[in-house]
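Presented below is the structure to which this report refers.
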Amino acid sequence: MLVYTFYLKCPKLPVKEADMLIVLKWAIRLVDNVFANILATIVATGGVSGWAISRNVPGYAVAAIAIGVAAGTLLLLVQLRALLWQSYSAFYLGILRDIGINMLLNRPVSGAQQEARLEADLSSWQDQVTEVMKRVGARDSEVRRFRILGNVPLRHQGSSPNHTNLMNQVAEKVERLEGLIDRLDRP
């Protein structure tokens, strides 16, 4: 995939960004782990039940409290997972933006083979961005606007007419992606 190629070819990537991506992915896996969720629910329920029993609370009240704590814990874990996934996806969208600029727009091209490779990479990058846009909560109109360009303004001059067209497509898609990232970053 293009993202892994970017990391391999770009050793100057700040460690903080790479670490952030790893930590967010680890946290999502932890929250997705069914065993960890069940264990957290049992610990929370057991702790509250033990406290209620030590205070001589009637059995039916202990059961109601335990059910409430179990449901609350599971709800909290579901909300935490959604929050982590949103953060991961928004961060990943920023990385894909950087890939669009550094690996596609600024790529030197000289020849039909390199143009074909650029076109294939553009298609792969577009698919990855679209997938992340859907996960991060982009509106359908934003996804369509990203995928379907219409008239593309001429901003860059390439080595051939096809290369010029590809460069201008990438530039327009990056600009539209930046608009979505700005919208997602607003509180």
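How things are named: the first chain in the structure tokens is A, the next is B, and so on; residues count from 1 in each chain; ligands count from 1 in the order shown.
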
Test item: residues at most 7 Å from stretch 92-104 of chain A, only C-alpha atoms, excluding those fewer than 3 positions along its chain, as a list in words: Phe6, Tyr88, Ser89, Arg107, Leu118, Leu122, Val129, Val132, Val170, Val174 and Leu177 of chain A

Next, write the just-selected residues to a file, as a PDB file, in the first residue's frame, keeping C-alpha atoms as the atom set.
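Output below, filename again_3.pdb:
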```pdb
ATOM      1  CA  PHE A   6       5.605   6.470   2.332  1.00  0.00           C
ATOM      2  CA  TYR A  88      -7.235   7.784  14.616  1.00  0.00           C
ATOM      3  CA  SER A  89      -9.152   8.395  11.393  1.00  0.00           C
ATOM      4  CA  ARG A 107       6.911  13.314  -7.686  1.00  0.00           C
ATOM      5  CA  LEU A 118       1.565   7.910 -10.859  1.00  0.00           C
ATOM      6  CA  LEU A 122      -3.343   8.321  -7.461  1.00  0.00           C
ATOM      7  CA  VAL A 129      -8.753   8.660   1.401  1.00  0.00           C
ATOM      8  CA  VAL A 132     -11.077   7.028   5.753  1.00  0.00           C
ATOM      9  CA  VAL A 170      -3.828  15.704  -7.160  1.00  0.00           C
ATOM     10  CA  VAL A 174      -5.453  17.756  -1.733  1.00  0.00           C
ATOM     11  CA  LEU A 177      -9.131  17.135   1.538  1.00  0.00           C
TER      12      LEU A 177
END
```

Filtered DSSP result for stretch 13-158 of chain A, state alpha helix (DSSP H), as a ChimeraX atom specification: /A:15-32,34-54,59-99,112-136,140-147

For A:Val43: contacts at 12 Å, only C-alpha atoms, fewer than 3 positions along chain excluded, given as a VMD selection string: chain A and resid 36 to 40 46 to 50 66 69 to 70 73 to 74

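The coordinates place atom CA of A:Leu149 at 7.8 Å from atom CA of A:Lys173.
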